$ cat upload32.cif   # mmCIF, C-alpha atoms
data_query
#
loop_
_atom_site.label_atom_id
_atom_site.label_comp_id
_atom_site.auth_asym_id
_atom_site.auth_seq_id
_atom_site.Cartn_x
_atom_site.Cartn_y
_atom_site.Cartn_z
CA MET A 1042 29.27 -42.79 -28.17
CA SER A 1043 27.34 -40.84 -25.64
CA MET A 1044 25.98 -37.39 -26.53
CA ASP A 1045 26.21 -34.29 -24.35
CA GLY A 1046 23.10 -32.89 -22.64
CA ALA A 1047 22.49 -30.16 -25.20
CA GLY A 1048 22.68 -32.60 -28.09
CA VAL A 1049 20.18 -35.01 -26.52
CA LEU A 1050 17.84 -32.16 -25.69
CA LYS A 1051 17.99 -30.71 -29.22
CA ARG A 1052 17.34 -34.04 -30.84
CA THR A 1053 14.52 -34.90 -28.46
CA LEU A 1054 12.71 -31.61 -28.96
CA THR A 1055 12.97 -31.89 -32.74
CA GLU A 1056 12.14 -35.56 -33.18
CA ASP A 1057 9.70 -36.17 -30.39
CA GLU A 1058 7.64 -32.99 -30.70
CA ALA A 1059 4.26 -34.64 -31.20
CA ALA A 1060 4.57 -36.92 -28.17
CA ILE A 1061 5.75 -34.12 -25.89
CA LEU A 1062 2.96 -31.81 -27.01
CA ASP A 1063 0.35 -34.52 -26.50
CA ALA A 1064 1.60 -35.23 -22.98
CA TRP A 1065 1.76 -31.50 -22.17
CA ASN A 1066 -1.79 -30.93 -23.44
CA ALA A 1067 -3.00 -33.86 -21.36
CA SER A 1068 -1.34 -32.43 -18.28
CA LEU A 1069 -2.79 -28.96 -18.97
CA GLN A 1070 -6.20 -30.50 -19.45
CA GLY A 1071 -6.01 -32.04 -15.98
CA GLY A 1072 -4.79 -28.76 -14.44
CA THR A 1073 -6.84 -26.26 -12.51
CA SER A 1074 -6.68 -23.44 -15.09
CA LEU A 1075 -9.33 -25.14 -17.21
CA GLN A 1076 -11.59 -25.93 -14.29
CA SER A 1077 -11.76 -22.27 -13.36
CA GLY A 1078 -13.39 -21.69 -16.75
CA ARG A 1079 -11.24 -18.66 -17.50
CA ILE A 1080 -9.69 -20.18 -20.58
CA ARG A 1081 -10.79 -22.70 -23.21
CA MET A 1082 -8.85 -25.85 -24.09
CA ALA A 1083 -8.44 -24.75 -27.71
CA GLU A 1084 -6.80 -21.50 -26.62
CA LEU A 1085 -4.58 -23.32 -24.16
CA GLN A 1086 -3.49 -25.75 -26.89
CA THR A 1087 -2.67 -22.92 -29.28
CA GLN A 1088 -0.56 -21.22 -26.62
CA ALA A 1089 1.17 -24.50 -25.76
CA LYS A 1090 1.97 -25.19 -29.41
CA ALA A 1091 3.37 -21.69 -30.00
CA VAL A 1092 5.44 -21.76 -26.82
CA PHE A 1093 6.81 -25.22 -27.59
CA SER A 1094 7.92 -24.35 -31.11
CA GLN A 1095 9.58 -21.17 -29.87
CA LEU A 1096 11.34 -23.16 -27.15
CA ARG A 1097 12.57 -25.70 -29.69
CA ASN A 1098 13.78 -23.00 -32.08
CA ALA A 1099 15.56 -21.18 -29.27
CA ILE A 1100 17.36 -24.29 -28.04
CA VAL A 1101 18.22 -25.61 -31.49
CA SER A 1102 19.60 -22.32 -32.77
CA GLY A 1103 20.81 -20.65 -29.60
CA GLY A 1104 21.73 -23.19 -26.98
CA LEU A 1105 20.91 -23.48 -23.33
CA ASP A 1106 21.14 -19.95 -21.96
CA ALA A 1107 17.53 -18.98 -21.18
CA ASP A 1108 18.61 -15.34 -20.79
CA GLY A 1109 20.25 -15.29 -24.22
CA GLU A 1110 18.99 -13.41 -27.28
CA HIS A 1111 17.65 -16.56 -29.00
CA PHE A 1112 15.10 -16.86 -26.22
CA VAL A 1113 13.76 -13.33 -26.72
CA PRO A 1114 10.65 -14.31 -28.79
CA LEU A 1115 9.84 -17.10 -26.33
CA ARG A 1116 10.28 -14.83 -23.31
CA GLU A 1117 8.08 -12.22 -24.94
CA SER A 1118 5.24 -14.60 -25.70
CA LEU A 1119 5.45 -16.07 -22.18
CA ALA A 1120 5.33 -12.52 -20.81
CA ASP A 1121 2.21 -11.81 -22.90
CA ILE A 1122 0.58 -14.99 -21.66
CA SER A 1123 1.27 -14.35 -17.99
CA ARG A 1124 0.27 -10.68 -18.30
CA SER A 1125 -3.10 -11.64 -19.74
CA ARG A 1126 -3.49 -14.26 -17.00
CA ALA A 1127 -2.77 -11.73 -14.27
CA ILE A 1128 -5.50 -9.49 -15.67
CA GLN A 1129 -7.95 -12.39 -16.10
CA GLY A 1130 -7.46 -13.28 -12.44
CA PHE A 1131 -5.63 -16.62 -12.65
CA THR A 1132 -3.91 -17.83 -9.50
CA PRO A 1133 -0.09 -17.66 -9.38
CA THR A 1134 -0.02 -21.48 -9.26
CA ASP A 1135 -2.03 -21.82 -12.45
CA THR A 1136 0.19 -19.32 -14.21
CA ALA A 1137 3.46 -20.93 -13.11
CA ASN A 1138 2.15 -24.43 -13.84
CA PHE A 1139 1.71 -23.56 -17.49
CA VAL A 1140 5.50 -23.65 -17.85
CA PHE A 1141 6.32 -26.15 -15.12
CA SER A 1142 3.90 -28.77 -16.47
CA LEU A 1143 6.09 -28.98 -19.56
CA LYS A 1144 8.88 -30.49 -17.46
CA GLU A 1145 7.46 -33.96 -17.09
CA PRO A 1146 6.69 -34.54 -20.79
CA ILE A 1147 10.17 -33.34 -21.78
CA PHE A 1148 11.89 -35.47 -19.12
CA GLU A 1149 9.90 -38.49 -20.29
CA ALA A 1150 10.90 -37.89 -23.90
CA LEU A 1151 14.54 -37.42 -22.89
CA ARG A 1152 14.44 -40.78 -21.13
CA ARG A 1153 13.04 -42.46 -24.23
CA MET A 1154 15.68 -40.79 -26.39
CA SER A 1155 18.73 -41.53 -24.21
CA ALA A 1156 17.76 -45.19 -23.69
CA ALA A 1157 20.82 -46.73 -22.05
CA ASP A 1158 22.91 -43.56 -22.03
CA ASP A 1159 22.62 -42.57 -18.36
CA SER A 1160 25.10 -39.71 -18.32
CA GLY A 1161 23.53 -38.15 -21.45
CA PHE A 1162 20.09 -38.44 -19.82
CA ALA A 1163 21.22 -36.83 -16.58
CA ALA A 1164 22.96 -33.97 -18.36
CA SER A 1165 20.03 -33.27 -20.65
CA VAL A 1166 17.51 -33.35 -17.76
CA LEU A 1167 19.68 -30.89 -15.86
CA ALA A 1168 19.88 -28.58 -18.88
CA ALA A 1169 16.15 -28.74 -19.61
CA GLY A 1170 15.30 -28.26 -15.92
CA LYS A 1171 17.49 -25.17 -15.74
CA ILE A 1172 15.86 -23.57 -18.76
CA LEU A 1173 12.30 -24.33 -17.68
CA ASP A 1174 12.93 -23.10 -14.12
CA ARG A 1175 14.32 -19.85 -15.46
CA LEU A 1176 11.35 -19.42 -17.79
CA GLY A 1177 8.91 -20.27 -14.99
CA LEU A 1178 10.46 -17.70 -12.68
CA GLN A 1179 10.34 -15.10 -15.41
CA THR A 1180 6.66 -15.89 -15.96
CA MET A 1181 6.03 -15.25 -12.27
CA GLU A 1182 7.96 -11.98 -12.36
CA VAL A 1183 5.82 -10.68 -15.20
CA PHE A 1184 2.70 -11.98 -13.46
CA LEU A 1185 3.54 -10.11 -10.26
CA ALA A 1186 4.54 -6.96 -12.10
CA SER A 1187 1.19 -6.96 -13.93
CA ARG A 1188 -0.66 -7.45 -10.66
CA GLU A 1189 1.25 -4.57 -9.10
CA GLU A 1190 0.35 -2.42 -12.08
CA VAL A 1191 -3.32 -3.20 -11.48
CA ILE A 1192 -2.96 -2.37 -7.77
CA GLY A 1193 -1.16 0.87 -8.53
CA ARG A 1194 -3.88 1.92 -10.93
CA GLN A 1195 -6.54 1.11 -8.35
CA GLY A 1196 -4.65 3.21 -5.81
CA GLN A 1197 -4.76 6.18 -8.16
CA GLU A 1198 -8.45 5.63 -8.83
CA ILE A 1199 -9.17 5.49 -5.10
CA ALA A 1200 -7.23 8.71 -4.56
CA GLU A 1201 -9.36 10.44 -7.17
CA LEU A 1202 -12.63 8.89 -6.09
CA SER A 1203 -12.16 9.63 -2.42
CA THR A 1204 -11.71 13.37 -2.80
CA PRO A 1205 -14.91 14.66 -4.35
CA VAL A 1206 -15.82 18.30 -3.98
CA VAL A 1207 -19.56 18.63 -3.41
CA ARG A 1208 -21.61 21.75 -4.06
CA LEU A 1209 -24.01 22.17 -1.13
CA TRP A 1210 -25.51 25.48 -2.19
CA ASP A 1211 -24.67 28.49 -4.34
CA GLY A 1212 -21.19 29.47 -3.26
CA ILE A 1213 -20.89 26.77 -0.59
CA LEU A 1214 -18.67 23.75 -1.19
CA ALA A 1215 -18.05 20.67 0.94
CA LEU A 1216 -14.99 18.46 0.81
CA PRO A 1217 -15.52 15.24 2.77
CA LEU A 1218 -12.13 13.66 3.47
CA ILE A 1219 -11.92 9.91 4.04
CA GLY A 1220 -8.90 7.82 4.98
CA THR A 1221 -5.25 8.64 5.39
CA LEU A 1222 -4.08 12.10 4.37
CA ASP A 1223 -0.57 11.76 3.04
CA SER A 1224 1.33 14.31 0.99
CA ALA A 1225 0.28 12.82 -2.35
CA ARG A 1226 -3.41 12.82 -1.47
CA THR A 1227 -3.27 16.29 0.02
CA GLY A 1228 -1.95 17.46 -3.33
CA VAL A 1229 -4.98 15.97 -5.12
CA VAL A 1230 -7.36 17.35 -2.48
CA MET A 1231 -5.94 20.86 -2.69
CA GLU A 1232 -5.98 20.87 -6.47
CA ASN A 1233 -9.60 19.67 -6.62
CA LEU A 1234 -10.75 22.15 -4.00
CA LEU A 1235 -9.04 25.17 -5.51
CA GLN A 1236 -10.36 24.35 -8.97
CA ALA A 1237 -13.88 23.89 -7.59
CA ILE A 1238 -13.64 27.25 -5.79
CA VAL A 1239 -12.95 28.90 -9.15
CA ASP A 1240 -15.61 26.92 -11.04
CA GLU A 1241 -18.38 27.43 -8.50
CA GLU A 1242 -17.35 30.94 -7.47
CA ALA A 1243 -17.46 29.65 -3.92
CA GLU A 1244 -17.26 31.89 -0.86
CA ILE A 1245 -17.15 29.15 1.71
CA ALA A 1246 -15.57 25.70 1.65
CA ILE A 1247 -16.34 23.16 4.36
CA ILE A 1248 -13.63 20.55 4.93
CA ASP A 1249 -15.12 17.58 6.73
CA ILE A 1250 -12.64 15.25 8.46
CA THR A 1251 -15.12 12.78 10.00
CA GLY A 1252 -13.57 10.01 7.90
CA VAL A 1253 -9.94 10.74 8.82
CA PRO A 1254 -8.98 8.21 11.53
CA THR A 1255 -5.83 9.89 12.86
CA VAL A 1256 -5.00 13.57 12.86
CA ASP A 1257 -1.31 14.00 13.61
CA THR A 1258 0.89 17.03 13.02
CA LEU A 1259 1.44 16.14 9.37
CA VAL A 1260 -2.30 15.91 8.67
CA ALA A 1261 -2.83 19.16 10.59
CA GLN A 1262 -0.12 20.83 8.55
CA HIS A 1263 -1.71 19.61 5.31
CA LEU A 1264 -5.09 20.94 6.47
CA LEU A 1265 -3.62 24.32 7.36
CA LYS A 1266 -1.92 24.57 3.98
CA THR A 1267 -5.16 23.74 2.17
CA VAL A 1268 -7.05 26.33 4.22
CA ALA A 1269 -4.37 28.96 3.54
CA ALA A 1270 -4.48 28.26 -0.20
CA ALA A 1271 -8.29 28.49 -0.24
CA ARG A 1272 -8.08 31.82 1.61
CA LEU A 1273 -5.77 33.18 -1.04
CA MET A 1274 -8.43 32.30 -3.58
CA GLY A 1275 -10.93 34.35 -1.59
CA ALA A 1276 -12.86 31.50 0.01
CA ASP A 1277 -13.25 31.00 3.76
CA CYS A 1278 -12.83 27.50 5.15
CA ILE A 1279 -14.70 25.78 7.92
CA VAL A 1280 -13.32 22.51 9.29
CA SER A 1281 -16.00 20.12 10.49
CA GLY A 1282 -16.24 16.60 11.83
CA ILE A 1283 -13.63 16.89 14.57
CA ARG A 1284 -14.52 14.07 16.96
CA PRO A 1285 -14.04 14.50 20.74
CA GLN A 1286 -11.02 12.18 20.96
CA ILE A 1287 -9.35 13.95 18.02
CA ALA A 1288 -9.97 17.34 19.63
CA GLN A 1289 -8.31 16.20 22.88
CA THR A 1290 -5.38 14.71 21.03
CA MET A 1291 -4.84 17.86 19.00
CA VAL A 1292 -4.79 19.98 22.16
CA HIS A 1293 -2.11 17.70 23.66
CA LEU A 1294 -0.12 17.79 20.45
CA GLY A 1295 -0.17 21.56 20.64
CA VAL A 1296 -1.63 22.01 17.17
CA GLU A 1297 -3.64 25.18 16.75
CA LEU A 1298 -6.04 25.16 13.85
CA ASN A 1299 -6.68 28.84 13.37
CA VAL A 1300 -9.86 28.22 11.43
CA VAL A 1301 -13.52 28.15 12.25
CA SER A 1302 -14.36 24.60 13.20
CA LYS A 1303 -17.61 22.85 13.98
CA ALA A 1304 -18.41 19.42 15.37
CA THR A 1305 -20.60 18.29 12.50
CA LEU A 1306 -21.07 19.03 8.82
CA ALA A 1307 -24.65 20.18 9.56
CA ASP A 1308 -23.41 22.83 12.01
CA ALA A 1309 -20.81 23.99 9.52
CA PHE A 1310 -23.44 24.22 6.77
CA ALA A 1311 -25.68 26.31 9.05
CA VAL A 1312 -22.79 28.70 9.70
CA ALA A 1313 -22.06 28.91 5.99
CA LEU A 1314 -25.69 29.72 5.17
CA ARG A 1315 -25.80 32.40 7.84
CA ARG A 1316 -22.61 34.00 6.56
CA THR A 1317 -23.94 34.13 3.03
CA GLY A 1318 -27.11 35.84 4.31
CA ARG A 1319 -29.44 32.88 4.23
CA LYS A 1320 -31.63 31.28 6.83
CA ILE A 1321 -33.39 27.96 7.02
CA VAL A 1322 -36.99 28.27 8.22
CA ARG A 1323 -39.59 25.62 8.75
CA GLN A 1324 -42.40 25.84 6.24
CA GLN A 1325 -45.39 27.16 8.16
CA THR A 1326 -48.11 25.36 6.19
CA ALA A 1327 -46.48 21.99 6.54
CA SER A 1328 -46.27 22.20 10.30
CA THR A 1329 -49.91 23.35 10.66
CA GLU A 1330 -51.01 20.46 8.49
CA GLU A 1331 -49.20 18.07 10.76
CA ARG A 1332 -50.91 19.46 13.80
CA ARG A 1333 -54.34 18.87 12.37
CA MET B 181 4.02 -11.72 30.52
CA THR B 182 5.32 -9.79 27.60
CA LYS B 183 4.56 -10.06 23.95
CA ALA B 184 6.81 -8.29 21.49
CA GLU B 185 6.84 -7.72 17.78
CA THR B 186 8.92 -5.62 15.45
CA LEU B 187 7.59 -3.66 12.51
CA PRO B 188 9.73 -2.00 9.84
CA ILE B 189 9.42 1.70 9.03
CA ARG B 190 10.75 2.20 5.53
CA SER B 191 7.99 4.03 3.66
CA GLY B 192 4.88 6.14 4.18
CA ASP B 193 2.77 2.99 3.93
CA ASP B 194 4.70 1.48 6.83
CA VAL B 195 3.69 4.47 8.98
CA VAL B 196 0.05 3.66 8.24
CA ARG B 197 0.66 0.01 9.14
CA VAL B 198 2.34 0.98 12.41
CA ARG B 199 -0.68 3.14 13.26
CA GLN B 200 -3.10 0.32 12.54
CA ARG B 201 -1.09 -2.21 14.55
CA VAL B 202 -0.73 0.16 17.52
CA ARG B 203 -4.47 0.80 17.45
CA THR B 204 -5.17 -2.95 17.55
CA LEU B 205 -2.74 -3.42 20.47
CA CYS B 206 -4.29 -0.45 22.33
CA ILE B 207 -7.69 -2.09 22.00
CA GLU B 208 -6.22 -5.41 23.18
CA ILE B 209 -4.93 -3.94 26.43
CA GLY B 210 -8.26 -2.22 26.94
CA LEU B 211 -7.49 1.45 26.39
CA GLY B 212 -10.46 3.78 25.95
CA LEU B 213 -11.17 5.61 22.72
CA VAL B 214 -9.48 8.86 23.79
CA ASP B 215 -6.34 7.10 25.05
CA GLN B 216 -6.23 4.95 21.92
CA THR B 217 -6.37 8.01 19.72
CA LYS B 218 -3.72 9.79 21.77
CA PHE B 219 -1.26 6.92 21.70
CA VAL B 220 -1.88 6.11 18.04
CA THR B 221 -1.17 9.75 17.23
CA ALA B 222 2.03 9.67 19.31
CA ALA B 223 3.09 6.51 17.45
CA SER B 224 2.32 8.20 14.15
CA GLU B 225 4.51 11.20 15.02
CA LEU B 226 7.43 9.05 16.14
CA ALA B 227 7.16 6.67 13.19
CA ARG B 228 7.21 9.60 10.81
CA ASN B 229 10.25 11.08 12.59
CA THR B 230 12.00 7.72 12.26
CA LEU B 231 11.23 7.74 8.55
CA ASP B 232 11.82 11.40 7.68
CA TYR B 233 14.72 12.32 9.96
CA GLY B 234 16.20 8.91 10.83
CA GLY B 235 16.10 7.61 7.27
CA GLY B 236 13.95 4.63 8.24
CA GLY B 237 14.20 2.11 11.06
CA ASP B 238 12.11 -0.23 13.16
CA VAL B 239 9.56 -0.08 15.91
CA ARG B 240 9.30 -2.70 18.64
CA ALA B 241 5.88 -3.01 20.25
CA GLU B 242 5.56 -4.77 23.60
CA VAL B 243 2.61 -5.37 25.86
CA VAL B 244 4.05 -4.92 29.36
CA GLN B 245 2.59 -5.69 32.75
CA THR B 246 3.61 -4.59 36.23
CA GLY B 247 1.37 -6.05 38.89
CA THR B 248 -2.15 -5.52 37.68
CA ARG B 249 -1.24 -2.65 35.40
CA LYS B 250 -1.04 -3.31 31.71
CA GLY B 251 0.60 -1.06 29.20
CA LEU B 252 1.99 -0.77 25.72
CA ARG B 253 5.63 0.11 25.15
CA LEU B 254 6.87 1.25 21.76
CA THR B 255 10.57 1.58 20.95
CA PHE B 256 11.47 3.43 17.78
CA GLU B 257 15.02 2.91 16.57
CA ASP B 258 16.89 4.31 13.62
CA GLU B 259 20.50 4.54 12.53
CA GLY B 260 20.18 8.03 11.15
CA PRO B 261 22.18 11.19 11.79
CA GLY B 262 21.00 11.46 15.42
CA ILE B 263 19.94 14.56 17.35
CA ALA B 264 22.68 16.87 18.62
CA ASP B 265 20.52 18.96 20.94
CA ILE B 266 17.62 16.94 22.37
CA GLU B 267 16.44 19.85 24.52
CA GLN B 268 16.01 21.96 21.40
CA ALA B 269 14.34 19.12 19.44
CA LEU B 270 11.73 18.81 22.17
CA THR B 271 10.95 22.54 22.05
CA ASP B 272 7.60 23.27 20.44
CA HIS B 273 7.72 24.79 16.97
CA PHE B 274 11.37 23.87 16.50
CA THR B 275 11.89 21.87 13.33
CA SER B 276 14.92 20.94 11.28
CA GLY B 277 12.67 19.79 8.44
CA GLY B 278 9.55 21.41 7.04
CA GLY B 279 7.09 20.26 9.69
CA LEU B 280 5.17 22.10 12.38
CA GLY B 281 7.80 21.21 14.99
CA LEU B 282 5.28 19.68 17.35
CA GLY B 283 5.76 15.96 16.74
CA LEU B 284 8.39 15.03 19.33
CA GLY B 285 7.07 17.28 22.11
CA GLY B 286 3.51 16.27 21.22
CA ALA B 287 4.40 12.57 21.41
CA LYS B 288 5.87 13.23 24.87
CA ARG B 289 2.66 14.90 26.03
CA LEU B 290 0.53 12.10 24.56
CA SER B 291 2.37 9.29 26.39
CA ASN B 292 2.77 8.40 30.08
CA GLU B 293 6.47 7.68 29.85
CA PHE B 294 8.87 9.15 27.34
CA HIS B 295 12.54 8.43 26.94
CA ILE B 296 14.89 9.53 24.21
CA GLU B 297 18.54 8.78 23.63
CA SER B 298 20.47 9.87 20.61
CA THR B 299 24.07 9.87 19.54
CA PRO B 300 24.99 12.07 16.59
CA GLY B 301 26.18 9.88 13.75
CA VAL B 302 24.96 6.67 15.37
CA GLY B 303 21.20 6.88 15.65
CA THR B 304 18.21 7.63 17.83
CA ARG B 305 16.04 5.53 20.11
CA VAL B 306 12.73 6.82 21.45
CA THR B 307 10.73 4.77 23.94
CA VAL B 308 7.17 5.62 24.91
CA VAL B 309 4.79 3.79 27.25
CA ARG B 310 1.08 4.21 27.73
CA TRP B 311 -0.43 2.58 30.81
CA LYS B 312 -4.05 1.59 31.04
#

$ encode --input "upload32.cif" --output "structure tokens"
Amino acid sequence: MSMDGAGVLKRTLTEDEAAILDAWNASLQGGTSLQSGRIRMAELQTQAKAVFSQLRNAIVSGGLDADGEHFVPLRESLADISRSRAIQGFTPTDTANFVFSLKEPIFEALRRMSAADDSGFAASVLAAGKILDRLGLQTMEVFLASREEVIGRQGQEIAELSTPVVRLWDGILALPLIGTLDSARTGVVMENLLQAIVDEEAEIAIIDITGVPTVDTLVAQHLLKTVAAARLMGADCIVSGIRPQIAQTMVHLGVELNVVSKATLADAFAVALRRTGRKIVRQQTASTEERR
Amino acid sequence: MTKAETLPIRSGDDVVRVRQRVRTLCIEIGLGLVDQTKFVTAASELARNTLDYGGGGDVRAEVVQTGTRKGLRLTFEDEGPGIADIEQALTDHFTSGGGLGLGLGGAKRLSNEFHIESTPGVGTRVTVVRWK
């Protein structure tokens, strides 16, 4: 009597566990994950053993639906494994291969088990292939999601890092802007600047846009809003770092920045010092020493 | 000889990508720094209009050549609500959103050729060309 695919698969996984695990470990040992040195063989073997026993339990007790509730523990531990691999910097291939390399050992064992029963063998291979493909895909999904999480976090860090407010002198702040000014970043910029104006009791804030590659109407609008908010807080703004090509483009666009603007940060700083009643003078003694 | 490519405009990041691609193409056809900046800014305005008012769309970028003259043609297309009164939309400081109302008119001033067609309820197509 020939058995159905599920029956063959259940029996194989229960009775041939040692052989399958040995073959899987051998295949993992030859894989590229180990060569990268990011994981040790012992750890890999522990993971393989845990995953295999969960797979066997799921199939024996729950059947062949990889999305079913009996597969929950297995899916969770696979998710943990691929999440930690994403963070450790494994390649997608290495991560997916962890699951896919189990295929060959299981297919081999199924062949041994079914012997002459061709239809049972075919059905069980199909069933096992389906489950492992589903699990492999799920591993990749978690892997990608973890990577995206890392990228998202980096994006936030960049947004915070790239908007420092620098104190140039008593009451004079500088805000060097770098990169694209979108609505989200303008929010961070404005918040940082306004808080710094309060903390430093600043009278003048210099917004330097040397590092902003394109100034279109949206960027101009964001700048104007920031300047208006700073004014309400009692600080005057100077915009510096407007390059010649940006100036020409802004004139064509028809944008009027009704703020004091200077070509360079140095010019803007000089204006700020003058307005706060300070002057930079060359030290007399130093220059006479040089002349000698 | 023409070379064409289509870029999607579906998010704010796409607007940045359009800008970067247009800048590269401007450099390829040999535009100077001022002209590059002008056309990139025009592209930025139009891409943002496509996104904000058109609900997203595509831009087709083509390097065109007539005789010895080389240029870059950008066609922005969306299937949004369309513009009922184009004359009014091109007026400076007119905006139906929260912007400065300078984008469309500004893009016209920053390009050599400007063409807009829009059908309310069907969509909008804006074509701009910058010659070297």

$ atom_distance --input "upload32.cif" --atom1 "CA of Gly1295 in chain A" --atom2 "CA of Asp272 in chain B"
8.0 Å

$ resolve_selection --input "upload32.cif" --expression "the PyMOL selection byres ((chain A) within 12 of (chain B))" --output "PDB file with C-alpha atoms, in the frame of the given file"
ATOM      1  CA  GLY A1220      -8.900   7.820   4.980  1.00  0.00           C
ATOM      2  CA  THR A1221      -5.250   8.640   5.390  1.00  0.00           C
ATOM      3  CA  LEU A1222      -4.080  12.100   4.370  1.00  0.00           C
ATOM      4  CA  ASP A1223      -0.570  11.760   3.040  1.00  0.00           C
ATOM      5  CA  SER A1224       1.330  14.310   0.990  1.00  0.00           C
ATOM      6  CA  ALA A1225       0.280  12.820  -2.350  1.00  0.00           C
ATOM      7  CA  VAL A1253      -9.940  10.740   8.820  1.00  0.00           C
ATOM      8  CA  PRO A1254      -8.980   8.210  11.530  1.00  0.00           C
ATOM      9  CA  THR A1255      -5.830   9.890  12.860  1.00  0.00           C
ATOM     10  CA  VAL A1256      -5.000  13.570  12.860  1.00  0.00           C
ATOM     11  CA  ASP A1257      -1.310  14.000  13.610  1.00  0.00           C
ATOM     12  CA  THR A1258       0.890  17.030  13.020  1.00  0.00           C
ATOM     13  CA  LEU A1259       1.440  16.140   9.370  1.00  0.00           C
ATOM     14  CA  VAL A1260      -2.300  15.910   8.670  1.00  0.00           C
ATOM     15  CA  ALA A1261      -2.830  19.160  10.590  1.00  0.00           C
ATOM     16  CA  GLN A1262      -0.120  20.830   8.550  1.00  0.00           C
ATOM     17  CA  HIS A1263      -1.710  19.610   5.310  1.00  0.00           C
ATOM     18  CA  LEU A1264      -5.090  20.940   6.470  1.00  0.00           C
ATOM     19  CA  LEU A1265      -3.620  24.320   7.360  1.00  0.00           C
ATOM     20  CA  LYS A1266      -1.920  24.570   3.980  1.00  0.00           C
ATOM     21  CA  ARG A1284     -14.520  14.070  16.960  1.00  0.00           C
ATOM     22  CA  PRO A1285     -14.040  14.500  20.740  1.00  0.00           C
ATOM     23  CA  GLN A1286     -11.020  12.180  20.960  1.00  0.00           C
ATOM     24  CA  ILE A1287      -9.350  13.950  18.020  1.00  0.00           C
ATOM     25  CA  ALA A1288      -9.970  17.340  19.630  1.00  0.00           C
ATOM     26  CA  GLN A1289      -8.310  16.200  22.880  1.00  0.00           C
ATOM     27  CA  THR A1290      -5.380  14.710  21.030  1.00  0.00           C
ATOM     28  CA  MET A1291      -4.840  17.860  19.000  1.00  0.00           C
ATOM     29  CA  VAL A1292      -4.790  19.980  22.160  1.00  0.00           C
ATOM     30  CA  HIS A1293      -2.110  17.700  23.660  1.00  0.00           C
ATOM     31  CA  LEU A1294      -0.120  17.790  20.450  1.00  0.00           C
ATOM     32  CA  GLY A1295      -0.170  21.560  20.640  1.00  0.00           C
ATOM     33  CA  VAL A1296      -1.630  22.010  17.170  1.00  0.00           C
ATOM     34  CA  GLU A1297      -3.640  25.180  16.750  1.00  0.00           C
ATOM     35  CA  LEU A1298      -6.040  25.160  13.850  1.00  0.00           C
TER      36      LEU A1298
END

$ closest_residue --input "upload32.cif" --among "B:Val309, B:Ser276, B:Gly237, B:Gly247" --to "Val202 in chain B" --atoms "only C-alpha atoms"
B:Val309

$ resolve_selection --input "upload32.cif" --expression "the PyMOL selection byres ((chain A and resi 1169) around 9)" --output "list in words"
Gly1046, Ala1047, Leu1050, Leu1105, Lys1144, Ile1147, Phe1148, Ala1164, Ser1165, Val1166, Leu1167, Ala1168, Gly1170, Lys1171, Ile1172, Leu1173 and Asp1174 of chain A

$ atom_distance --input "upload32.cif" --atom1 "CA of Gly303 in chain B" --atom2 "CA of Leu205 in chain B"
26.5 Å

$ atom_distance --input "upload32.cif" --atom1 "CA of Val198 in chain B" --atom2 "CA of Ser1187 in chain A"
27.5 Å

$ residues_around --input "upload32.cif" --residues "Trp311 in chain B" --least-positions-apart "4" --cutoff "10 Å" --atoms "all atoms listed in the file" --output "ChimeraX atom specification"
/B:206,209-211,215,243-246,249-253,291-293

$ resolve_selection --input "upload32.cif" --expression "the PyMOL selection byres ((chain A and resi 1131-1133) around 10)" --output "PyMOL selection string"
chain A and resi 1073-1074+1077+1079-1080+1123+1125-1130+1134-1138+1180-1181+1184-1185

$ residues_around --input "upload32.cif" --residues "range 299-302 of chain B" --least-positions-apart "5" --cutoff "6 Å" --atoms "all atoms listed in the file" --output "PyMOL selection string"
chain B and resi 259+261-264

$ closest_residue --input "upload32.cif" --among "A:Arg1315, A:Arg1188, A:Arg1152, A:Lys1051" --to "Arg1124 in chain A" --atoms "only C-alpha atoms"
A:Arg1188

$ closest_residue --input "upload32.cif" --among "B:Ile266, B:Ile296, B:Ile207, B:Val306" --to "Thr230 in chain B" --atoms "all atoms listed in the file"
B:Val306

$ residues_around --input "upload32.cif" --residues "range 1236-1242 of chain A" --least-positions-apart "3" --cutoff "8 Å" --atoms "only C-alpha atoms" --output "list in words"
Val1206, Arg1208, Asp1211, Gly1212, Leu1214, Glu1232, Asn1233, Ala1246, Ala1271, Met1274 and Ala1276 of chain A

$ decode --input "upload32.cif" --residues "range 1223-1237 of chain A" --atoms "C-alpha atoms" --output "mmCIF file, in the first residue's frame"
data_model
loop_
_atom_site.group_PDB
_atom_site.id
_atom_site.type_symbol
_atom_site.label_atom_id
_atom_site.label_comp_id
_atom_site.auth_asym_id
_atom_site.auth_seq_id
_atom_site.Cartn_x
_atom_site.Cartn_y
_atom_site.Cartn_z
ATOM 1 C CA ASP A 1223 12.224 68.426 3.011
ATOM 2 C CA SER A 1224 9.327 69.110 5.335
ATOM 3 C CA ALA A 1225 10.426 66.548 7.920
ATOM 4 C CA ARG A 1226 13.961 67.914 8.136
ATOM 5 C CA THR A 1227 12.788 71.507 8.221
ATOM 6 C CA GLY A 1228 10.756 70.564 11.266
ATOM 7 C CA VAL A 1229 13.880 69.248 13.021
ATOM 8 C CA VAL A 1230 15.912 72.275 11.918
ATOM 9 C CA MET A 1231 13.339 74.759 13.161
ATOM 10 C CA GLU A 1232 12.930 72.992 16.474
ATOM 11 C CA ASN A 1233 16.696 72.846 17.080
ATOM 12 C CA LEU A 1234 17.201 76.469 16.110
ATOM 13 C CA LEU A 1235 14.374 77.853 18.212
ATOM 14 C CA GLN A 1236 15.478 75.870 21.251
ATOM 15 C CA ALA A 1237 19.068 77.042 20.781
#
